[in-house]
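In what follows, a structure is listed as structure tokens, so that the remarks can point back to it.
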Amino acid sequence: IQGFSQAIMDGTAQSPQALQQSAGVIYTEAGRMHRLVMDLLVLARLDAGTADLQRMRVDLAWVLKSVLDKFSLQAQNAQITLTGQLGDLPTLIGDGDRLAQVFTNLVDNALKYTEEGKRIRISVTTDTKTITLVVFNESSPIKKADLKNMFDRFYRLDQGADIGGSGVGLSICRDIAAVHGGTIEAYNCPGGVCFDIRLPIRKASNHPIGEVA
């Protein structure tokens with residue numbers, strides 16, 4: 001941002017093409033900075049316990065369908081098959097907006113690392129106590145060291161890849177899952193990589209979000 005704004009100010013970028021390029025870079029990088037600041041703000045609030053999490057009934061099927069709808073055009077343009085196997089899901093007690101943020105981050109991350117012609121699939125299974133959501137993307141296996149560290153803040157699988165991420169999205173997923181009493185893990189599965197989110201099925205009389213049972 002500083003370099004390209006300086007080029008505009010000192011006249012180095014004079015032609016319409018150079019000005020357009022400089023403005024484009026400034027706009028893109030300002031957007032990246034804004035997303036990073038907002039993500040860090042979310043993490044800081046989660047760390048401090050001041051994230052103002054809601055405790056309401058969450059229609060998980062509706063939340064997941066909304067996330068799939070949001071990314072459908074992006075997946076189509078990238079020639080990636082995005083599907084969901086949801087079925088009948090119980091109602092959760094939690095913060096719907098924060099859970100939507102988890103699923104949004106995971107699908108967005110999967111799209112960044114999935115090649116043209118490959119698949120991304122969301123599936124959900126339940127038992128009497130737990131909902132397990134799996135985000136699968138068809139890709140090459142991830143190294144063990146990366147699997148171990150990928151939920152660390154600012155960790156990126158490919159430091160040289162310009163995929164627009166800040167390296168904190170998966171950390172946010174982990175922390176939001178944790179305050180809901182859940183867990184998240186990544187592992188290599190047949191044909192690709194899987195992210196599992198396990199959330200307890202809480203009843204209204206159970207402990208509130210963020211409180212240890």
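Lettering and numbering for the structure tokens are positional, with chains as A, B, ... in the shown order, residues counted from 1 in each chain, and ligands counted from 1 in the shown order.
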Which of range 7-205 of chain A fall in strand (DSSP E), as a short mmCIF file (atom, residue, chain, number, x, y, z; two decimals) with all heavy atoms, in the first residue's frame:
```
data_model
loop_
_atom_site.label_atom_id
_atom_site.label_comp_id
_atom_site.auth_asym_id
_atom_site.auth_seq_id
_atom_site.Cartn_x
_atom_site.Cartn_y
_atom_site.Cartn_z
N MET A 56 -28.92 -19.55 21.55
CA MET A 56 -30.25 -19.65 20.95
C MET A 56 -30.37 -20.99 20.22
O MET A 56 -29.39 -21.69 20.01
CB MET A 56 -30.46 -18.49 19.96
CG MET A 56 -30.29 -17.11 20.56
SD MET A 56 -30.42 -15.79 19.32
CE MET A 56 -32.11 -16.01 18.81
N ARG A 57 -31.59 -21.31 19.84
CA ARG A 57 -31.81 -22.50 19.02
C ARG A 57 -31.29 -22.23 17.61
O ARG A 57 -31.59 -21.21 17.01
CB ARG A 57 -33.30 -22.85 18.97
CG ARG A 57 -33.85 -23.29 20.32
CD ARG A 57 -35.31 -23.70 20.20
NE ARG A 57 -35.85 -24.12 21.48
CZ ARG A 57 -35.72 -25.35 21.98
NH1 ARG A 57 -35.08 -26.27 21.28
NH2 ARG A 57 -36.22 -25.66 23.15
N VAL A 58 -30.50 -23.15 17.10
CA VAL A 58 -29.87 -22.99 15.79
C VAL A 58 -30.36 -24.09 14.87
O VAL A 58 -30.21 -25.28 15.17
CB VAL A 58 -28.33 -23.04 15.90
CG1 VAL A 58 -27.70 -22.91 14.51
CG2 VAL A 58 -27.82 -21.96 16.83
N THR A 81 -17.04 -29.16 -7.89
CA THR A 81 -18.35 -29.67 -7.48
C THR A 81 -18.51 -29.53 -5.97
O THR A 81 -17.74 -30.12 -5.20
CB THR A 81 -18.50 -31.15 -7.88
OG1 THR A 81 -18.33 -31.28 -9.28
CG2 THR A 81 -19.88 -31.67 -7.49
N LEU A 82 -19.47 -28.71 -5.55
CA LEU A 82 -19.73 -28.47 -4.13
C LEU A 82 -21.08 -29.06 -3.78
O LEU A 82 -22.11 -28.63 -4.30
CB LEU A 82 -19.71 -26.97 -3.84
CG LEU A 82 -20.06 -26.51 -2.42
CD1 LEU A 82 -19.07 -27.07 -1.41
CD2 LEU A 82 -20.09 -24.98 -2.35
N THR A 83 -21.10 -30.04 -2.88
CA THR A 83 -22.34 -30.72 -2.52
C THR A 83 -22.47 -30.83 -1.00
O THR A 83 -21.49 -30.73 -0.27
CB THR A 83 -22.42 -32.13 -3.13
OG1 THR A 83 -21.31 -32.92 -2.65
CG2 THR A 83 -22.37 -32.08 -4.64
N GLY A 84 -23.70 -31.08 -0.57
CA GLY A 84 -23.96 -31.29 0.85
C GLY A 84 -24.88 -32.47 1.07
O GLY A 84 -25.88 -32.62 0.36
N GLN A 85 -24.53 -33.32 2.00
CA GLN A 85 -25.37 -34.45 2.41
C GLN A 85 -25.78 -34.20 3.85
O GLN A 85 -25.07 -34.58 4.79
CB GLN A 85 -24.59 -35.77 2.27
CG GLN A 85 -24.13 -36.06 0.85
CD GLN A 85 -23.22 -37.27 0.75
OE1 GLN A 85 -22.69 -37.73 1.74
NE2 GLN A 85 -23.04 -37.78 -0.46
N LEU A 92 -29.62 -27.24 17.45
CA LEU A 92 -28.54 -26.97 18.40
C LEU A 92 -28.88 -25.77 19.26
O LEU A 92 -29.66 -24.90 18.86
CB LEU A 92 -27.24 -26.69 17.66
CG LEU A 92 -26.43 -27.86 17.09
CD1 LEU A 92 -25.21 -27.31 16.38
CD2 LEU A 92 -26.02 -28.81 18.19
N ILE A 93 -28.27 -25.71 20.43
CA ILE A 93 -28.27 -24.50 21.23
C ILE A 93 -26.89 -23.88 21.09
O ILE A 93 -25.88 -24.49 21.45
CB ILE A 93 -28.56 -24.79 22.72
CG1 ILE A 93 -29.93 -25.45 22.87
CG2 ILE A 93 -28.50 -23.50 23.53
CD1 ILE A 93 -31.10 -24.59 22.41
N GLY A 94 -26.82 -22.68 20.51
CA GLY A 94 -25.53 -22.07 20.28
C GLY A 94 -25.67 -20.73 19.59
O GLY A 94 -26.75 -20.12 19.58
N ARG A 119 -13.74 -32.15 -6.14
CA ARG A 119 -14.99 -32.09 -5.37
C ARG A 119 -14.77 -31.59 -3.95
O ARG A 119 -13.73 -31.82 -3.35
CB ARG A 119 -15.62 -33.48 -5.29
CG ARG A 119 -16.05 -34.09 -6.61
CD ARG A 119 -16.53 -35.50 -6.40
NE ARG A 119 -15.46 -36.37 -5.89
CZ ARG A 119 -15.58 -37.23 -4.89
NH1 ARG A 119 -16.74 -37.34 -4.26
NH2 ARG A 119 -14.56 -37.99 -4.50
N ILE A 120 -15.80 -30.92 -3.44
CA ILE A 120 -15.90 -30.57 -2.02
C ILE A 120 -17.26 -31.06 -1.55
O ILE A 120 -18.27 -30.82 -2.20
CB ILE A 120 -15.78 -29.05 -1.78
CG1 ILE A 120 -14.41 -28.54 -2.24
CG2 ILE A 120 -16.01 -28.72 -0.30
CD1 ILE A 120 -14.28 -27.04 -2.19
N ARG A 121 -17.27 -31.76 -0.42
CA ARG A 121 -18.52 -32.32 0.07
C ARG A 121 -18.66 -32.07 1.57
O ARG A 121 -17.73 -32.27 2.33
CB ARG A 121 -18.57 -33.82 -0.20
CG ARG A 121 -19.87 -34.49 0.25
CD ARG A 121 -19.84 -35.99 -0.04
NE ARG A 121 -18.86 -36.69 0.77
CZ ARG A 121 -17.76 -37.26 0.28
NH1 ARG A 121 -17.49 -37.20 -1.01
NH2 ARG A 121 -16.89 -37.87 1.07
N ILE A 122 -19.86 -31.62 1.97
CA ILE A 122 -20.18 -31.48 3.39
C ILE A 122 -21.15 -32.59 3.76
O ILE A 122 -22.18 -32.77 3.10
CB ILE A 122 -20.82 -30.11 3.69
CG1 ILE A 122 -19.84 -28.98 3.37
CG2 ILE A 122 -21.24 -30.02 5.15
CD1 ILE A 122 -20.41 -27.60 3.60
N SER A 123 -20.83 -33.32 4.81
CA SER A 123 -21.72 -34.38 5.28
C SER A 123 -21.86 -34.27 6.79
O SER A 123 -20.97 -33.77 7.48
CB SER A 123 -21.20 -35.77 4.88
OG SER A 123 -19.90 -35.98 5.42
N VAL A 124 -23.00 -34.75 7.29
CA VAL A 124 -23.28 -34.64 8.73
C VAL A 124 -23.83 -35.97 9.24
O VAL A 124 -24.68 -36.60 8.60
CB VAL A 124 -24.31 -33.53 9.02
CG1 VAL A 124 -24.50 -33.36 10.52
CG2 VAL A 124 -23.87 -32.21 8.39
N THR A 125 -23.33 -36.39 10.40
CA THR A 125 -23.88 -37.55 11.08
C THR A 125 -24.19 -37.16 12.53
O THR A 125 -23.57 -36.23 13.07
CB THR A 125 -22.90 -38.74 11.08
OG1 THR A 125 -21.67 -38.34 11.70
CG2 THR A 125 -22.62 -39.20 9.66
N THR A 126 -25.11 -37.85 13.14
CA THR A 126 -25.50 -37.53 14.52
C THR A 126 -25.66 -38.82 15.33
O THR A 126 -25.94 -39.88 14.78
CB THR A 126 -26.82 -36.75 14.57
OG1 THR A 126 -27.87 -37.57 14.04
CG2 THR A 126 -26.74 -35.48 13.75
N THR A 130 -23.94 -36.11 20.02
CA THR A 130 -22.98 -35.34 19.22
C THR A 130 -23.42 -35.22 17.77
O THR A 130 -23.97 -36.15 17.19
CB THR A 130 -21.59 -36.00 19.25
OG1 THR A 130 -21.20 -36.21 20.61
CG2 THR A 130 -20.55 -35.13 18.56
N ILE A 131 -23.16 -34.04 17.20
CA ILE A 131 -23.27 -33.83 15.76
C ILE A 131 -21.86 -33.76 15.19
O ILE A 131 -21.02 -33.01 15.70
CB ILE A 131 -24.02 -32.52 15.44
CG1 ILE A 131 -25.48 -32.61 15.89
CG2 ILE A 131 -23.96 -32.22 13.94
CD1 ILE A 131 -26.25 -31.33 15.66
N THR A 132 -21.60 -34.55 14.17
CA THR A 132 -20.28 -34.54 13.52
C THR A 132 -20.44 -34.06 12.09
O THR A 132 -21.16 -34.67 11.30
CB THR A 132 -19.64 -35.93 13.52
OG1 THR A 132 -19.51 -36.40 14.87
CG2 THR A 132 -18.26 -35.89 12.88
N LEU A 133 -19.79 -32.96 11.78
CA LEU A 133 -19.84 -32.39 10.43
C LEU A 133 -18.48 -32.57 9.79
O LEU A 133 -17.46 -32.28 10.41
CB LEU A 133 -20.22 -30.92 10.49
CG LEU A 133 -20.31 -30.19 9.15
CD1 LEU A 133 -21.49 -29.23 9.16
CD2 LEU A 133 -19.03 -29.42 8.85
N VAL A 134 -18.46 -33.07 8.56
CA VAL A 134 -17.21 -33.32 7.84
C VAL A 134 -17.20 -32.49 6.56
O VAL A 134 -18.12 -32.57 5.75
CB VAL A 134 -17.05 -34.81 7.50
CG1 VAL A 134 -15.73 -35.03 6.75
CG2 VAL A 134 -17.09 -35.67 8.76
N VAL A 135 -16.15 -31.70 6.40
CA VAL A 135 -15.91 -30.99 5.15
C VAL A 135 -14.76 -31.71 4.44
O VAL A 135 -13.62 -31.72 4.92
CB VAL A 135 -15.54 -29.52 5.39
CG1 VAL A 135 -15.24 -28.83 4.06
CG2 VAL A 135 -16.67 -28.80 6.12
N PHE A 136 -15.08 -32.35 3.33
CA PHE A 136 -14.10 -33.10 2.55
C PHE A 136 -13.77 -32.33 1.28
O PHE A 136 -14.66 -31.84 0.59
CB PHE A 136 -14.66 -34.47 2.17
CG PHE A 136 -13.93 -35.16 1.05
CD1 PHE A 136 -12.77 -35.88 1.30
CD2 PHE A 136 -14.39 -35.07 -0.26
CE1 PHE A 136 -12.09 -36.52 0.26
CE2 PHE A 136 -13.73 -35.70 -1.30
CZ PHE A 136 -12.57 -36.42 -1.04
N ASN A 137 -12.48 -32.21 1.00
CA ASN A 137 -12.10 -31.68 -0.31
C ASN A 137 -11.11 -32.63 -0.98
O ASN A 137 -10.19 -33.16 -0.35
CB ASN A 137 -11.53 -30.26 -0.21
CG ASN A 137 -10.19 -30.20 0.48
OD1 ASN A 137 -10.09 -30.46 1.66
ND2 ASN A 137 -9.15 -29.83 -0.27
N GLU A 138 -11.36 -32.87 -2.25
CA GLU A 138 -10.55 -33.79 -3.05
C GLU A 138 -9.24 -33.11 -3.39
O GLU A 138 -9.20 -32.16 -4.17
CB GLU A 138 -11.32 -34.17 -4.31
CG GLU A 138 -10.72 -35.32 -5.10
CD GLU A 138 -11.59 -35.70 -6.29
OE1 GLU A 138 -12.58 -35.00 -6.55
OE2 GLU A 138 -11.27 -36.70 -6.95
N THR A 183 -15.01 -29.81 19.19
CA THR A 183 -13.63 -29.96 18.74
C THR A 183 -13.59 -29.91 17.22
O THR A 183 -14.62 -30.08 16.54
CB THR A 183 -13.03 -31.31 19.19
OG1 THR A 183 -13.82 -32.39 18.63
CG2 THR A 183 -13.01 -31.42 20.70
N ILE A 184 -12.40 -29.67 16.69
CA ILE A 184 -12.20 -29.71 15.25
C ILE A 184 -10.84 -30.32 14.98
O ILE A 184 -9.89 -30.08 15.72
CB ILE A 184 -12.30 -28.29 14.63
CG1 ILE A 184 -12.14 -28.34 13.11
CG2 ILE A 184 -11.29 -27.34 15.24
CD1 ILE A 184 -12.44 -27.02 12.42
N GLU A 185 -10.75 -31.14 13.96
CA GLU A 185 -9.48 -31.75 13.59
C GLU A 185 -9.42 -31.92 12.08
O GLU A 185 -10.44 -31.97 11.40
CB GLU A 185 -9.28 -33.10 14.28
CG GLU A 185 -10.28 -34.16 13.85
CD GLU A 185 -9.94 -35.54 14.41
OE1 GLU A 185 -8.74 -35.81 14.61
OE2 GLU A 185 -10.88 -36.32 14.64
N ALA A 186 -8.19 -31.99 11.58
CA ALA A 186 -7.95 -32.22 10.16
C ALA A 186 -7.13 -33.48 9.99
O ALA A 186 -6.24 -33.77 10.80
CB ALA A 186 -7.21 -31.03 9.55
N TYR A 187 -7.42 -34.24 8.94
CA TYR A 187 -6.67 -35.46 8.69
C TYR A 187 -6.81 -35.84 7.22
O TYR A 187 -7.75 -35.41 6.53
CB TYR A 187 -7.17 -36.61 9.59
CG TYR A 187 -8.65 -36.91 9.46
CD1 TYR A 187 -9.11 -37.86 8.56
CD2 TYR A 187 -9.57 -36.22 10.22
CE1 TYR A 187 -10.46 -38.14 8.44
CE2 TYR A 187 -10.93 -36.48 10.11
CZ TYR A 187 -11.37 -37.44 9.22
OH TYR A 187 -12.73 -37.70 9.09
N ASN A 188 -5.87 -36.64 6.77
CA ASN A 188 -5.94 -37.17 5.41
C ASN A 188 -6.92 -38.34 5.38
O ASN A 188 -6.85 -39.24 6.22
CB ASN A 188 -4.56 -37.63 4.95
CG ASN A 188 -3.59 -36.48 4.79
OD1 ASN A 188 -3.93 -35.44 4.24
ND2 ASN A 188 -2.37 -36.65 5.28
N CYS A 189 -7.84 -38.30 4.44
CA CYS A 189 -8.81 -39.36 4.28
C CYS A 189 -8.77 -39.86 2.84
O CYS A 189 -8.15 -39.21 1.99
CB CYS A 189 -10.21 -38.87 4.66
SG CYS A 189 -10.72 -37.36 3.80
N GLY A 192 -8.57 -37.44 -0.36
CA GLY A 192 -8.41 -36.03 -0.08
C GLY A 192 -8.15 -35.73 1.38
O GLY A 192 -7.51 -36.50 2.09
N VAL A 193 -8.68 -34.57 1.82
CA VAL A 193 -8.47 -34.08 3.19
C VAL A 193 -9.83 -33.85 3.83
O VAL A 193 -10.76 -33.35 3.18
CB VAL A 193 -7.65 -32.78 3.19
CG1 VAL A 193 -7.49 -32.23 4.61
CG2 VAL A 193 -6.29 -33.01 2.55
N CYS A 194 -9.95 -34.21 5.10
CA CYS A 194 -11.21 -34.04 5.84
C CYS A 194 -11.00 -33.14 7.05
O CYS A 194 -9.98 -33.23 7.74
CB CYS A 194 -11.75 -35.39 6.31
SG CYS A 194 -12.39 -36.44 5.01
N PHE A 195 -11.98 -32.28 7.29
CA PHE A 195 -12.05 -31.50 8.53
C PHE A 195 -13.30 -31.96 9.27
O PHE A 195 -14.41 -31.89 8.73
CB PHE A 195 -12.15 -30.00 8.23
CG PHE A 195 -10.86 -29.39 7.79
CD1 PHE A 195 -10.45 -29.49 6.47
CD2 PHE A 195 -10.05 -28.70 8.68
CE1 PHE A 195 -9.25 -28.94 6.04
CE2 PHE A 195 -8.86 -28.14 8.26
CZ PHE A 195 -8.45 -28.25 6.95
N ASP A 196 -13.13 -32.43 10.49
CA ASP A 196 -14.24 -32.89 11.32
C ASP A 196 -14.54 -31.87 12.40
O ASP A 196 -13.63 -31.46 13.14
CB ASP A 196 -13.90 -34.21 12.01
CG ASP A 196 -14.09 -35.41 11.10
OD1 ASP A 196 -14.16 -35.20 9.88
OD2 ASP A 196 -14.16 -36.54 11.62
N ILE A 197 -15.79 -31.46 12.51
CA ILE A 197 -16.24 -30.61 13.60
C ILE A 197 -17.25 -31.41 14.41
O ILE A 197 -18.26 -31.85 13.87
CB ILE A 197 -16.90 -29.31 13.12
CG1 ILE A 197 -16.00 -28.60 12.12
CG2 ILE A 197 -17.21 -28.39 14.30
CD1 ILE A 197 -16.38 -28.83 10.70
N ARG A 198 -16.95 -31.59 15.68
CA ARG A 198 -17.86 -32.33 16.56
C ARG A 198 -18.45 -31.36 17.58
O ARG A 198 -17.71 -30.70 18.32
CB ARG A 198 -17.12 -33.47 17.27
CG ARG A 198 -16.53 -34.49 16.31
CD ARG A 198 -15.73 -35.56 17.04
NE ARG A 198 -15.04 -36.42 16.09
CZ ARG A 198 -15.56 -37.52 15.56
NH1 ARG A 198 -16.79 -37.89 15.90
NH2 ARG A 198 -14.88 -38.24 14.69
N LEU A 199 -19.78 -31.30 17.62
CA LEU A 199 -20.48 -30.38 18.51
C LEU A 199 -21.45 -31.16 19.39
O LEU A 199 -22.17 -32.03 18.89
CB LEU A 199 -21.24 -29.33 17.71
CG LEU A 199 -20.41 -28.41 16.82
CD1 LEU A 199 -21.33 -27.60 15.91
CD2 LEU A 199 -19.55 -27.48 17.66
N PRO A 200 -21.48 -30.86 20.67
CA PRO A 200 -22.44 -31.55 21.54
C PRO A 200 -23.85 -31.05 21.28
O PRO A 200 -24.07 -29.87 20.99
CB PRO A 200 -21.97 -31.17 22.95
CG PRO A 200 -21.29 -29.85 22.77
CD PRO A 200 -20.65 -29.90 21.40
#
```
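Non-sequential neighbours of Phe151 in chain A (distance at most 9 Å, separation of 5 or more positions within a chain, only C-alpha atoms) are Gly167, Val168, Gly169, Leu170, Ser171, Ile172, Cys173, Arg174, Glu185 and Ala186 of chain A.
Atom to atom, CA of Val107 in chain A and CA of Asp152 in chain A stand 18.3 Å apart.
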Original post:
Residues of range 75-204 of chain A in helix (DSSP H, G or I) according to DSSP, as a PyMOL selection string?
Top reply: chain A and resi 75-77+96-112+144-149+169-179
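If only C-alpha atoms are the atoms counted, then among A:Pro190, A:Val179, A:Glu116, A:Pro90 the closest residue to Arg45 in chain A is A:Val179.
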**OP:** Give the answer as one residue: which of A:Leu19, A:Leu73, A:Leu99, A:Ala30 has the shortest atom-to-atom distance to Leu60 in chain A, using only C-alpha atoms?
**Re:**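 Selected residue with least distance to Leu60 in chain A: A:Leu99.
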Subject >> Shell around Thr104 in chain A at 10 Å using only C-alpha atoms, local window under 2 positions removed, as an MDAnalysis selection string >> reply: chainID A and resid 63:64 66:68 70:71 98:102 106:110 169 173
Write to file, as a tab-separated table (two decimals), in the first residue's frame, the residues of the selection just made, with N, CA, C and O atoms.
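again_20.tsv, written as the output of this step:
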```
chain	number	residue	atom	x	y	z
A	63	VAL	N	-28.41	-23.27	8.36
A	63	VAL	CA	-27.11	-22.60	8.35
A	63	VAL	C	-26.20	-23.21	7.29
A	63	VAL	O	-25.57	-22.50	6.50
A	64	LEU	N	-26.14	-24.54	7.24
A	64	LEU	CA	-25.28	-25.22	6.27
A	64	LEU	C	-25.74	-24.98	4.84
A	64	LEU	O	-24.92	-24.76	3.94
A	66	SER	N	-27.31	-22.38	3.77
A	66	SER	CA	-26.97	-21.00	3.44
A	66	SER	C	-25.51	-20.87	3.03
A	66	SER	O	-25.17	-20.14	2.09
A	67	VAL	N	-24.64	-21.59	3.73
A	67	VAL	CA	-23.21	-21.56	3.38
A	67	VAL	C	-22.99	-22.17	2.01
A	67	VAL	O	-22.23	-21.63	1.18
A	68	LEU	N	-23.64	-23.29	1.72
A	68	LEU	CA	-23.51	-23.92	0.41
A	68	LEU	C	-24.01	-22.99	-0.69
A	68	LEU	O	-23.37	-22.86	-1.75
A	70	LYS	N	-24.10	-19.76	-0.61
A	70	LYS	CA	-23.22	-18.61	-0.72
A	70	LYS	C	-22.01	-18.91	-1.60
A	70	LYS	O	-21.53	-18.03	-2.34
A	71	PHE	N	-21.52	-20.15	-1.55
A	71	PHE	CA	-20.31	-20.50	-2.30
A	71	PHE	C	-20.61	-21.21	-3.62
A	71	PHE	O	-19.67	-21.59	-4.32
A	98	ARG	N	-21.81	-17.42	14.67
A	98	ARG	CA	-20.45	-17.91	14.85
A	98	ARG	C	-20.25	-19.28	14.21
A	98	ARG	O	-19.21	-19.56	13.62
A	99	LEU	N	-21.24	-20.15	14.33
A	99	LEU	CA	-21.14	-21.46	13.69
A	99	LEU	C	-21.11	-21.31	12.17
A	99	LEU	O	-20.36	-22.02	11.49
A	100	ALA	N	-21.89	-20.39	11.65
A	100	ALA	CA	-21.85	-20.12	10.21
A	100	ALA	C	-20.46	-19.64	9.79
A	100	ALA	O	-19.97	-19.97	8.71
A	101	GLN	N	-19.80	-18.88	10.68
A	101	GLN	CA	-18.45	-18.42	10.40
A	101	GLN	C	-17.48	-19.59	10.30
A	101	GLN	O	-16.58	-19.61	9.45
A	102	VAL	N	-17.66	-20.60	11.16
A	102	VAL	CA	-16.82	-21.79	11.11
A	102	VAL	C	-16.97	-22.49	9.76
A	102	VAL	O	-15.98	-22.79	9.07
A	106	LEU	N	-14.25	-22.90	6.60
A	106	LEU	CA	-13.80	-24.21	6.14
A	106	LEU	C	-14.06	-24.41	4.65
A	106	LEU	O	-13.21	-24.93	3.93
A	107	VAL	N	-15.24	-23.99	4.18
A	107	VAL	CA	-15.54	-24.14	2.75
A	107	VAL	C	-14.66	-23.20	1.93
A	107	VAL	O	-14.14	-23.57	0.87
A	108	ASP	N	-14.48	-21.98	2.41
A	108	ASP	CA	-13.62	-21.03	1.72
A	108	ASP	C	-12.20	-21.57	1.64
A	108	ASP	O	-11.54	-21.48	0.59
A	109	ASN	N	-11.71	-22.14	2.72
A	109	ASN	CA	-10.38	-22.73	2.74
A	109	ASN	C	-10.29	-23.91	1.76
A	109	ASN	O	-9.30	-24.05	1.02
A	110	ALA	N	-11.33	-24.74	1.74
A	110	ALA	CA	-11.34	-25.89	0.82
A	110	ALA	C	-11.30	-25.43	-0.63
A	110	ALA	O	-10.59	-26.03	-1.46
A	169	GLY	N	-7.90	-18.04	9.93
A	169	GLY	CA	-9.26	-18.56	9.75
A	169	GLY	C	-9.49	-19.87	10.49
A	169	GLY	O	-10.52	-20.06	11.14
A	173	CYS	N	-11.94	-21.02	13.69
A	173	CYS	CA	-12.79	-22.21	13.70
A	173	CYS	C	-12.58	-23.03	14.97
A	173	CYS	O	-13.54	-23.47	15.62
```
Subject >> Between CA of Ser15 in chain A and CA of His34 in chain A, distance in Å (one decimal) >> reply: 28.3 Å
Original post:
How many Å separate CA of Ala75 in chain A from CA of Lys118 in chain A?
Top reply: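 Between CA of Ala75 in chain A and CA of Lys118 in chain A the gap works out to 10.1 Å.
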Subject >> Nearest candidate to Leu53 in chain A (options A:Gly96, A:Gly182, A:Pro141, A:Gly24; using only C-alpha atoms) >> reply: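 Looking at the shortest contact to Leu53 in chain A, the residue is A:Gly96.
When only C-alpha atoms are used to compute distances to Ala61 in chain A, the closest of the residues A:Leu36, A:Leu86, A:Ile201, A:Ala7 turns out to be A:Leu86.
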